[in-house]
Amino acid sequence: MKLIGASIILPCDIESRDSKDFQVIKNGGIVFDNDRIIEIDDFQKLEQKYKKITESRFYKNHILLPALINSHIHFEFSKNDSSFVYGDFGSWLNSVMDNRGAVLRGANAAIKRAIKEQLNSGVGSVCAISSYDLDLQFLLDSKLKVIFCHEVIGALEANFNAQKASLDSRLKQTLSLKNKNFQPAIAIHSPYSVNFKLANYAVNLAKKHNLLLSAHFLESKCEFEWLTRQSGYFREFFTRYFGLQNTKPGFSIESFLTLFNGCKAIFTHCLYADNSVRKGIYKQGNAIISCPRSNLLLNAKMGENTIIATDGKSSNNDVNLLNEARSALFCSIQNFDILDFKNSKNHNLDSNFIESICQNLILAMTSRPAKALNLNNGMLKVGKSPDLAIFKIESKNDFVATNFILNAKKVTRLIINGQDCL
Ligand code: MCF
Ligand code: FE
């Protein structure tokens, strides 16, 4: 059993989409073993109560919070720096189709660096989208808590048998590796890139083994036009890359969403999801993940940021979740300015408003993704898994969340399942 304290503890003990009950504990402490958090209270009180423990340490001028969760990342694309083009989703996807072979080849060192980047930025859990399982062994060897999503992709029904066999064998391997730190899952790439038969097979497999599902959904205008009007960029895409004339999408927006009824799923991007689609997702008990920088680079939109993740280096300059949060903060401030101007409202941007954005961003990397991914962490609460991150950050004023988002660069100590990870 250990007792660790800090000048500031952020328990993130709220699941709601509202940050108004965001709690800050000053001079707090947390008692835990390798399985669970046992007690949270004033550090001195806990020090009196727990005298015979293996470690008792207080971190002055530090912030302690749940280890962060990166809920959507493609490690296999970690070698990318300048192979893909940005600004227009279609141009990006063409550049991925044309250059991904070279980016995926010899990426081992880059994958290892991306894993280190997670740990150094205080990330303890990841939901990894894996196209070819090239990142599997590195993730198994790492100290990260991993949800490993085998990506399913295939627009042509004619290839069903081969794709089914491939998914079956990939999953057979990882199901046998399931443990406290590793869970297999399935990523259905997107409604434009899978046929109904394959997607339906994958969903049933997820149901059978009780696995999380992930999907890119309504990311771009191109995708929206394709699913709603069978027109635009994707018509040409299927001719160009698959030699198909007059292809039709395998799904409408509604039929894709219906596939996930009764499943635990996360939908990434959703930039072109209107209120009724969003409501549909939340009604299923599922969640929307935003990747702010990826969304901006490929679609000039940021998304709703209830939960944030980095996406891969395929559409980002790094996979550092703290940098992601800072970008989201600055973009939210810019949006406030635009909204304010449009509405001709007179209220000014103030420190409380910035603080509430930052509180929301902290919850977007902790309790909310934990709930979305069914992980027993992301909150400092009795019974939760002891996954903690400690950062050296002085908070001279009361805007603790702002101070965290602006200044958190490298974690001082990262604990996963009660064990040190750096
Ligand atoms: O999330 C971003 C943008 N949307 C779609 N796909 C990807 C992203 N980053 C990497 N990808 C991968 C995806 O997993 O790119 C390929 C897939 O393997 C695109 S489809 C050939
Ligand atoms: Fe992605």
# chains A, B, ... in the order shown; residues from 1 in each chain; ligands from 1
>>> residues_around(residues="region 176-192 of chain A", least_positions_apart="2", cutoff="9 Å", atoms="only C-alpha atoms", output="PyMOL selection string")
chain A and resi 125+127+129-131+139-140+143-155+171-174+194-196+199+202-203+205-206+210-218+223+226-227+234+249-253+256+417
>>> residues_near_ligand(ligand="ligand 1", cutoff="9 Å", atoms="only C-alpha atoms and all ligand atoms", output="PyMOL selection string")
chain A and resi 72-74+76-77+89+92-94+96-97+100+129-132+151-153+187+189-190+193+216-217+219-220+268-269+291+294-295+298+311-316
>>> residues_around(residues="Gln44 (chain A)", least_positions_apart="3", cutoff="12 Å", atoms="only C-alpha atoms", output="mmCIF file with C-alpha atoms, in the first residue's frame")
data_model
loop_
_atom_site.group_PDB
_atom_site.id
_atom_site.type_symbol
_atom_site.label_atom_id
_atom_site.label_comp_id
_atom_site.auth_asym_id
_atom_site.auth_seq_id
_atom_site.Cartn_x
_atom_site.Cartn_y
_atom_site.Cartn_z
ATOM 1 C CA LEU A 3 0.216 7.044 0.160
ATOM 2 C CA ILE A 4 0.950 9.804 -2.301
ATOM 3 C CA GLY A 5 -0.042 13.408 -1.833
ATOM 4 C CA ALA A 6 0.217 16.647 -3.759
ATOM 5 C CA SER A 7 -0.504 20.358 -3.318
ATOM 6 C CA LYS A 26 -5.700 21.080 -1.817
ATOM 7 C CA ASN A 27 -2.958 19.218 0.054
ATOM 8 C CA GLY A 28 -4.718 15.940 -0.588
ATOM 9 C CA GLY A 29 -3.509 12.392 -0.423
ATOM 10 C CA ILE A 30 -4.433 9.110 -1.985
ATOM 11 C CA VAL A 31 -3.944 5.633 -0.560
ATOM 12 C CA ILE A 40 -8.680 9.932 -0.726
ATOM 13 C CA ASP A 41 -8.541 12.669 1.884
ATOM 14 C CA GLU A 47 -0.473 10.037 7.098
ATOM 15 C CA GLN A 48 -1.745 9.697 10.677
ATOM 16 C CA LYS A 49 -4.096 6.888 9.764
ATOM 17 C CA TYR A 50 -1.775 4.791 7.578
ATOM 18 C CA LYS A 51 1.502 4.545 9.451
ATOM 19 C CA SER A 56 4.426 7.902 1.935
ATOM 20 C CA ARG A 57 5.345 10.912 -0.157
ATOM 21 C CA PHE A 58 4.015 14.413 -0.633
#
>>> atom_distance(atom1="CA of Leu65 (chain A)", atom2="CA of Ile37 (chain A)")
12.7 Å
>>> residues_around(residues="Arg293 (chain A)", least_positions_apart="5", cutoff="8 Å", atoms="only C-alpha atoms", output="list of chain:residue names")
A:Met302, A:Thr310, A:Ser315, A:Asn316, A:Glu324, A:Ser327, A:Ala328
>>> residues_around(residues="Asn403 (chain A)", least_positions_apart="3", cutoff="10 Å", atoms="only C-alpha atoms", output="JSON, numbers by chain")
{"A": [63, 355, 358, 393, 394, 395, 396, 397, 398, 399, 400, 406, 407, 408]}
>>> write_last_selection(atoms="C-alpha atoms", output="PDB file, in the first residue's frame")
ATOM      1  CA  ILE A  63      -0.753  18.502  -9.550  1.00  0.00           C
ATOM      2  CA  GLU A 355     -10.921  27.829 -16.638  1.00  0.00           C
ATOM      3  CA  CYS A 358      -9.675  23.764 -19.339  1.00  0.00           C
ATOM      4  CA  ILE A 393       3.154  22.668 -11.753  1.00  0.00           C
ATOM      5  CA  GLU A 394       2.889  25.538  -9.362  1.00  0.00           C
ATOM      6  CA  SER A 395      -0.550  27.067  -9.023  1.00  0.00           C
ATOM      7  CA  LYS A 396      -0.123  30.536  -7.583  1.00  0.00           C
ATOM      8  CA  ASN A 397      -3.749  31.384  -8.308  1.00  0.00           C
ATOM      9  CA  ASP A 398      -6.987  29.391  -8.209  1.00  0.00           C
ATOM     10  CA  PHE A 399      -7.180  28.708 -11.940  1.00  0.00           C
ATOM     11  CA  VAL A 400      -5.778  25.258 -11.503  1.00  0.00           C
ATOM     12  CA  LEU A 406      -0.980  25.615 -20.211  1.00  0.00           C
ATOM     13  CA  ASN A 407       2.003  24.234 -18.313  1.00  0.00           C
ATOM     14  CA  ALA A 408       1.861  20.427 -18.229  1.00  0.00           C
TER      15      ALA A 408
END
>>> atom_distance(atom1="CA of Thr258 (chain A)", atom2="CA of Tyr241 (chain A)")
28.3 Å
>>> select_by_dssp(residues="region 181-338 of chain A", states="helix (DSSP H, G or I)", output="VMD selection string")
chain A and resid 196 to 209 221 to 229 233 to 242 253 to 259 275 to 283 292 to 299 313 to 315 321 to 338
>>> decode(residues="region 252-267 of chain A", atoms="all heavy atoms", output="tab-separated table (two decimals), in the first residue's frame")
chain	number	residue	atom	x	y	z
A	252	SER	N	-26.28	4.15	-45.35
A	252	SER	CA	-26.71	5.53	-45.14
A	252	SER	C	-26.21	5.89	-43.74
A	252	SER	O	-25.74	5.01	-43.00
A	252	SER	CB	-28.24	5.62	-45.18
A	252	SER	OG	-28.77	4.88	-44.10
A	253	ILE	N	-26.34	7.15	-43.37
A	253	ILE	CA	-25.93	7.55	-42.02
A	253	ILE	C	-26.70	6.70	-41.00
A	253	ILE	O	-26.12	6.14	-40.06
A	253	ILE	CB	-26.23	9.05	-41.79
A	253	ILE	CG1	-25.30	9.90	-42.67
A	253	ILE	CG2	-26.08	9.43	-40.33
A	253	ILE	CD1	-25.58	11.38	-42.64
A	254	GLU	N	-28.00	6.58	-41.22
A	254	GLU	CA	-28.86	5.88	-40.24
A	254	GLU	C	-28.54	4.40	-40.19
A	254	GLU	O	-28.44	3.82	-39.10
A	254	GLU	CB	-30.35	6.06	-40.59
A	254	GLU	CG	-30.87	7.48	-40.43
A	254	GLU	CD	-30.36	8.45	-41.51
A	254	GLU	OE1	-30.01	7.97	-42.62
A	254	GLU	OE2	-30.29	9.65	-41.23
A	255	SER	N	-28.36	3.77	-41.38
A	255	SER	CA	-28.14	2.31	-41.34
A	255	SER	C	-26.79	1.99	-40.70
A	255	SER	O	-26.63	0.95	-40.07
A	255	SER	CB	-28.27	1.69	-42.74
A	255	SER	OG	-27.21	2.10	-43.57
A	256	PHE	N	-25.81	2.89	-40.87
A	256	PHE	CA	-24.52	2.65	-40.21
A	256	PHE	C	-24.68	2.70	-38.69
A	256	PHE	O	-24.23	1.81	-37.98
A	256	PHE	CB	-23.47	3.66	-40.68
A	256	PHE	CG	-22.07	3.32	-40.23
A	256	PHE	CD1	-21.40	2.21	-40.75
A	256	PHE	CD2	-21.41	4.09	-39.28
A	256	PHE	CE1	-20.10	1.89	-40.34
A	256	PHE	CE2	-20.12	3.77	-38.86
A	256	PHE	CZ	-19.46	2.67	-39.40
A	257	LEU	N	-25.37	3.74	-38.25
A	257	LEU	CA	-25.58	3.89	-36.80
A	257	LEU	C	-26.35	2.71	-36.21
A	257	LEU	O	-26.02	2.21	-35.13
A	257	LEU	CB	-26.33	5.21	-36.56
A	257	LEU	CG	-26.21	5.81	-35.18
A	257	LEU	CD1	-24.76	5.99	-34.78
A	257	LEU	CD2	-26.92	7.16	-35.15
A	258	THR	N	-27.37	2.25	-36.95
A	258	THR	CA	-28.21	1.14	-36.48
A	258	THR	C	-27.39	-0.12	-36.22
A	258	THR	O	-27.69	-0.88	-35.29
A	258	THR	CB	-29.31	0.84	-37.52
A	258	THR	OG1	-30.02	2.05	-37.75
A	258	THR	CG2	-30.28	-0.22	-37.05
A	259	LEU	N	-26.35	-0.31	-37.04
A	259	LEU	CA	-25.46	-1.47	-36.86
A	259	LEU	C	-24.99	-1.61	-35.41
A	259	LEU	O	-24.76	-2.71	-34.93
A	259	LEU	CB	-24.19	-1.24	-37.67
A	259	LEU	CG	-23.86	-1.94	-38.95
A	259	LEU	CD1	-22.44	-1.63	-39.34
A	259	LEU	CD2	-24.04	-3.44	-38.82
A	260	PHE	N	-24.81	-0.47	-34.74
A	260	PHE	CA	-24.18	-0.46	-33.42
A	260	PHE	C	-25.17	-0.53	-32.27
A	260	PHE	O	-24.76	-0.43	-31.11
A	260	PHE	CB	-23.28	0.78	-33.28
A	260	PHE	CG	-22.14	0.80	-34.26
A	260	PHE	CD1	-22.30	1.30	-35.54
A	260	PHE	CD2	-20.91	0.28	-33.91
A	260	PHE	CE1	-21.26	1.30	-36.45
A	260	PHE	CE2	-19.86	0.27	-34.82
A	260	PHE	CZ	-20.03	0.78	-36.09
A	261	ASN	N	-26.45	-0.69	-32.58
A	261	ASN	CA	-27.44	-0.83	-31.49
A	261	ASN	C	-27.06	-2.02	-30.63
A	261	ASN	O	-26.72	-3.09	-31.15
A	261	ASN	CB	-28.84	-1.07	-32.06
A	261	ASN	CG	-29.48	0.23	-32.53
A	261	ASN	OD1	-29.07	1.32	-32.10
A	261	ASN	ND2	-30.48	0.13	-33.39
A	262	GLY	N	-27.08	-1.82	-29.33
A	262	GLY	CA	-26.77	-2.92	-28.43
A	262	GLY	C	-25.28	-3.19	-28.29
A	262	GLY	O	-24.87	-4.19	-27.69
A	263	CYS	N	-24.44	-2.31	-28.85
A	263	CYS	CA	-22.97	-2.49	-28.73
A	263	CYS	C	-22.37	-1.33	-27.97
A	263	CYS	O	-22.92	-0.24	-27.94
A	263	CYS	CB	-22.32	-2.47	-30.11
A	263	CYS	SG	-22.92	-3.73	-31.21
A	264	LYS	N	-21.21	-1.58	-27.39
A	264	LYS	CA	-20.43	-0.49	-26.79
A	264	LYS	C	-19.51	0.02	-27.89
A	264	LYS	O	-18.68	-0.74	-28.41
A	264	LYS	CB	-19.64	-1.06	-25.60
A	264	LYS	CG	-18.88	-0.01	-24.81
A	264	LYS	CD	-19.79	0.72	-23.86
A	264	LYS	CE	-19.04	1.81	-23.10
A	264	LYS	NZ	-19.92	2.88	-22.65
A	265	ALA	N	-19.70	1.28	-28.28
A	265	ALA	CA	-18.91	1.78	-29.42
A	265	ALA	C	-18.48	3.22	-29.22
A	265	ALA	O	-19.11	3.98	-28.48
A	265	ALA	CB	-19.74	1.68	-30.70
A	266	ILE	N	-17.37	3.58	-29.87
A	266	ILE	CA	-16.96	4.99	-29.91
A	266	ILE	C	-16.88	5.42	-31.37
A	266	ILE	O	-16.44	4.66	-32.23
A	266	ILE	CB	-15.60	5.23	-29.19
A	266	ILE	CG1	-14.51	4.29	-29.70
A	266	ILE	CG2	-15.75	5.06	-27.68
A	266	ILE	CD1	-13.12	4.64	-29.20
A	267	PHE	N	-17.35	6.64	-31.61
A	267	PHE	CA	-17.37	7.19	-32.97
A	267	PHE	C	-16.42	8.39	-33.02
A	267	PHE	O	-16.61	9.34	-32.26
A	267	PHE	CB	-18.79	7.61	-33.35
A	267	PHE	CG	-19.74	6.44	-33.41
A	267	PHE	CD1	-20.50	6.09	-32.31
A	267	PHE	CD2	-19.85	5.67	-34.56
A	267	PHE	CE1	-21.37	5.00	-32.35
A	267	PHE	CE2	-20.71	4.58	-34.62
A	267	PHE	CZ	-21.47	4.24	-33.51
